[in-house]
Amino acid sequence: MNIKITTPLTSNKIDKLKAGDFVNITGTIYTARDAAHSRIYNTMLKGEKIPIELENNIIYYLGPTPAKEGKVIGSAGPTTSSRMDKYTPLLLNNGLKGMIGKGKRSKEVIDSIIKNKSIYFAAIGGAGALLSQRIISSKVIAYDDLGTEAIRELEVEDFPVIVVIDSEGNNLYENAQYEYKLS
Amino acid sequence: MRIISSSEITKAVKEMCIEANYQLSTDMEERLKSVCNIEKAELGKKILSELMENLKIAKEEQVPICQDTGMAIVFIKIGQNVHVSGESIQEAINKGIRQGYEEGYLRKSIVSDPLIRENTKDNTPGIIHYDIVEGENIEIIVAPKGFGSENMSKIYMLKPADGVEGVKNAVLETVQNAGPNACPPIVVGVGIGGDFEKCAILAKKALTRNVDTHSEIAYIKELEIELLEEINKLGIGPAGLGGSVTALGINIETYPTHIAGLPVAINICCHVNRHSKRVI
């Protein structure tokens, strides 16, 4: 059974989610990947205002393909999260609560997730055509010059993710592999 | 001598960029389908069935299977009795990539300088591997390569004394390290021998060989079978969330090497292992 949550992602919602839970997210989320993260990070270091609110929000590590006529968005699956690790603790310290991506996170990010009581979700990598069907609107709200790497505001409905690292630091990737390890 | 217009190359490359991104080759689709029955983990089975559903949607709606529509890797074999008229072969190929990525609504993922990082906005240039062969045909393979898995690839300059055990350890270590990042179930391309760059090209080329084929060299075929079993014992599973299907296949290519060396390259590809081939 999938747990349904709506954004904003407040602490009381995060507390109930544990590594391994299937979650369907409904509401507003934001896309940002490598180049947008670099820009957000450097803007924050300079003490200037960034183009999105981080407080209680979710960032989806995504660079979609262009939308065909009549479609909201193109293929829209997650990219590898670890490339964002350098920038993530600063974002979490400033209110970001959730991240959707795929793959492992650094120790610094996991420590920051625990410290800030935030959460890391995975979407299924390489299922971009399927995942795009759960996105009901998409608009570029910043960094348009970055093309696919621009920041988009997405409205999603029952967007399917799995909790990989919960707010206590339990890590599904570490536990899952050993259950099926034969050598 | 046969004359082939560069526009024929452009057209073929354009169409292959699009078809490779919308639909997996039969060997890949069949292999993915067959491992659904092998996977032991419930979650793994669910993920594999969603990947099959994803392939179906991509094919029916003519949209990319994955949003990372890749860097366009092109292997071209040019018969030495062919004369190409019109533009240079390099320009003909890049023009095909440009048209394919635009008309096919594919993502433009290439930056013009690795450090300055400005998007070229048309997914060019591709990476082109030329081979001059006998005959009067041109064979083109287009293999759009995603970078989630490319980033988890590795080269080892082993010592001859490391032998086949060294090769096995290198492959298993690379797959273990890739874990969930490379979008398992993966396909593993391995190049053994040659020199530093030759083994890497062999590994990439190995990924373009159908997953239902084996090396023609008997002991390499045995090694492919053994390594696939060993990889699937690692437990990484679909999406790295645990299971018995970590890899769909492993293809190994070899080449003569120097008395002092044993280069090994491991090129990892996700389950969206795209390759399209045509002969002009």
# chains A, B, ... in the order shown; residues from 1 in each chain; ligands from 1
>>> residues_around(residues="region 53-69 of chain A", least_positions_apart="2", cutoff="7 Å", atoms="only C-alpha atoms", output="MDAnalysis selection string")
(chainID A and resid 8:10 29:33 71:79 81 94:101 148:149) or (chainID B and resid 67 105:107)
>>> write_last_selection(atoms="C-alpha atoms", output="mmCIF file, in the first residue's frame")
data_model
loop_
_atom_site.group_PDB
_atom_site.id
_atom_site.type_symbol
_atom_site.label_atom_id
_atom_site.label_comp_id
_atom_site.auth_asym_id
_atom_site.auth_seq_id
_atom_site.Cartn_x
_atom_site.Cartn_y
_atom_site.Cartn_z
ATOM 1 C CA PRO A 8 4.352 21.182 1.464
ATOM 2 C CA LEU A 9 6.451 18.503 3.122
ATOM 3 C CA THR A 10 6.217 19.467 6.784
ATOM 4 C CA ILE A 29 7.691 20.160 -6.493
ATOM 5 C CA TYR A 30 10.698 21.845 -8.152
ATOM 6 C CA THR A 31 13.266 20.473 -10.586
ATOM 7 C CA ALA A 32 16.959 21.279 -10.316
ATOM 8 C CA ARG A 33 20.010 19.315 -11.417
ATOM 9 C CA LYS A 71 1.951 17.144 -23.801
ATOM 10 C CA VAL A 72 2.848 18.707 -20.447
ATOM 11 C CA ILE A 73 6.430 17.444 -20.399
ATOM 12 C CA GLY A 74 8.655 14.905 -22.145
ATOM 13 C CA SER A 75 10.281 11.877 -20.545
ATOM 14 C CA ALA A 76 10.900 12.758 -16.893
ATOM 15 C CA GLY A 77 12.824 10.276 -14.727
ATOM 16 C CA PRO A 78 15.404 10.961 -12.016
ATOM 17 C CA THR A 79 19.106 11.666 -12.537
ATOM 18 C CA SER A 81 21.774 12.309 -6.957
ATOM 19 C CA ASN A 94 18.127 26.438 4.674
ATOM 20 C CA GLY A 95 14.831 24.605 4.837
ATOM 21 C CA LEU A 96 14.754 22.122 1.928
ATOM 22 C CA LYS A 97 12.983 19.014 3.229
ATOM 23 C CA GLY A 98 12.826 16.456 0.452
ATOM 24 C CA MET A 99 14.848 15.271 -2.509
ATOM 25 C CA ILE A 100 13.877 12.880 -5.304
ATOM 26 C CA GLY A 101 16.648 11.244 -7.314
ATOM 27 C CA THR A 148 16.818 21.141 -19.812
ATOM 28 C CA GLU A 149 18.656 22.153 -16.614
ATOM 29 C CA GLN B 67 14.969 11.456 -20.293
ATOM 30 C CA TYR B 105 12.090 15.820 -29.095
ATOM 31 C CA LEU B 106 15.216 14.342 -27.565
ATOM 32 C CA ARG B 107 17.134 16.058 -24.782
#
>>> interface_residues(of="chain A", to="chain B", cutoff="6 Å", atoms="only C-alpha atoms", output="PyMOL selection string")
chain A and resi 64-66+75-76+80+103+125-130+173+176-177+180-183
>>> select_by_dssp(residues="region 28-267 of chain B", states="strand (DSSP E)", output="number ranges by chain")
B: 71-79, 82-85, 127-133, 138-145, 154-158, 186-194, 247-257, 262-267
>>> closest_residue(among="B:Val190, B:Pro263, B:Leu158, B:Val142", to="Glu19 (chain B)", atoms="only C-alpha atoms")
B:Val142
>>> select_by_dssp(residues="chain A", states="helix (DSSP H, G or I)", output="PyMOL selection string")
chain A and resi 11-15+34-45+81-84+88-93+107-115+128-132+144-149+172-179
>>> write_last_selection(atoms="C-alpha atoms", output="PDB file, in the first residue's frame")
ATOM      1  CA  SER A  11       8.115  17.718   9.603  1.00  0.00           C
ATOM      2  CA  ASN A  12       5.077  15.855  10.909  1.00  0.00           C
ATOM      3  CA  LYS A  13       4.666  14.176   7.497  1.00  0.00           C
ATOM      4  CA  ILE A  14       8.366  13.273   7.301  1.00  0.00           C
ATOM      5  CA  ASP A  15       8.362  11.722  10.789  1.00  0.00           C
ATOM      6  CA  ASP A  34      23.743  19.983 -11.782  1.00  0.00           C
ATOM      7  CA  ALA A  35      23.915  23.470 -13.311  1.00  0.00           C
ATOM      8  CA  ALA A  36      20.916  24.857 -11.354  1.00  0.00           C
ATOM      9  CA  HIS A  37      22.391  23.521  -8.107  1.00  0.00           C
ATOM     10  CA  SER A  38      25.711  25.165  -8.825  1.00  0.00           C
ATOM     11  CA  ARG A  39      23.959  28.482  -9.473  1.00  0.00           C
ATOM     12  CA  ILE A  40      21.691  28.267  -6.411  1.00  0.00           C
ATOM     13  CA  TYR A  41      24.668  27.371  -4.225  1.00  0.00           C
ATOM     14  CA  ASN A  42      26.855  30.226  -5.445  1.00  0.00           C
ATOM     15  CA  THR A  43      23.964  32.687  -5.139  1.00  0.00           C
ATOM     16  CA  MET A  44      23.385  31.593  -1.540  1.00  0.00           C
ATOM     17  CA  LEU A  45      27.086  31.880  -0.710  1.00  0.00           C
ATOM     18  CA  SER A  81      21.774  12.309  -6.957  1.00  0.00           C
ATOM     19  CA  SER A  82      25.405  12.064  -5.874  1.00  0.00           C
ATOM     20  CA  ARG A  83      26.432  14.857  -8.252  1.00  0.00           C
ATOM     21  CA  MET A  84      24.328  17.203  -6.122  1.00  0.00           C
ATOM     22  CA  THR A  88      22.902  19.603  -0.699  1.00  0.00           C
ATOM     23  CA  PRO A  89      23.827  20.263   2.967  1.00  0.00           C
ATOM     24  CA  LEU A  90      23.588  24.051   2.417  1.00  0.00           C
ATOM     25  CA  LEU A  91      20.109  23.639   0.910  1.00  0.00           C
ATOM     26  CA  LEU A  92      18.961  21.355   3.733  1.00  0.00           C
ATOM     27  CA  ASN A  93      20.304  23.800   6.327  1.00  0.00           C
ATOM     28  CA  LYS A 107      28.094  10.749   4.407  1.00  0.00           C
ATOM     29  CA  GLU A 108      27.864  14.553   4.631  1.00  0.00           C
ATOM     30  CA  VAL A 109      24.427  14.496   2.985  1.00  0.00           C
ATOM     31  CA  ILE A 110      23.171  11.644   5.188  1.00  0.00           C
ATOM     32  CA  ASP A 111      24.386  13.475   8.316  1.00  0.00           C
ATOM     33  CA  SER A 112      22.639  16.624   7.107  1.00  0.00           C
ATOM     34  CA  ILE A 113      19.408  14.695   6.419  1.00  0.00           C
ATOM     35  CA  ILE A 114      19.432  13.458  10.035  1.00  0.00           C
ATOM     36  CA  LYS A 115      20.374  16.863  11.469  1.00  0.00           C
ATOM     37  CA  GLY A 128      10.924   8.456 -17.622  1.00  0.00           C
ATOM     38  CA  ALA A 129       8.034   7.789 -20.027  1.00  0.00           C
ATOM     39  CA  LEU A 130       5.991   6.196 -17.223  1.00  0.00           C
ATOM     40  CA  LEU A 131       6.810   8.860 -14.605  1.00  0.00           C
ATOM     41  CA  SER A 132       5.917  11.714 -16.977  1.00  0.00           C
ATOM     42  CA  ASP A 144      15.741  29.407 -18.673  1.00  0.00           C
ATOM     43  CA  ASP A 145      19.144  29.735 -20.364  1.00  0.00           C
ATOM     44  CA  LEU A 146      20.126  26.344 -18.930  1.00  0.00           C
ATOM     45  CA  GLY A 147      17.729  24.522 -21.275  1.00  0.00           C
ATOM     46  CA  THR A 148      16.818  21.141 -19.812  1.00  0.00           C
ATOM     47  CA  GLU A 149      18.656  22.153 -16.614  1.00  0.00           C
ATOM     48  CA  LEU A 172      17.348   1.206   2.074  1.00  0.00           C
ATOM     49  CA  TYR A 173      20.214   0.746  -0.419  1.00  0.00           C
ATOM     50  CA  GLU A 174      22.501  -0.598   2.305  1.00  0.00           C
ATOM     51  CA  ASN A 175      19.972  -2.963   3.809  1.00  0.00           C
ATOM     52  CA  ALA A 176      18.364  -4.238   0.594  1.00  0.00           C
ATOM     53  CA  GLN A 177      21.466  -5.537  -1.186  1.00  0.00           C
ATOM     54  CA  TYR A 178      22.528  -7.833   1.660  1.00  0.00           C
ATOM     55  CA  GLU A 179      19.223  -9.645   1.699  1.00  0.00           C
TER      56      GLU A 179
END
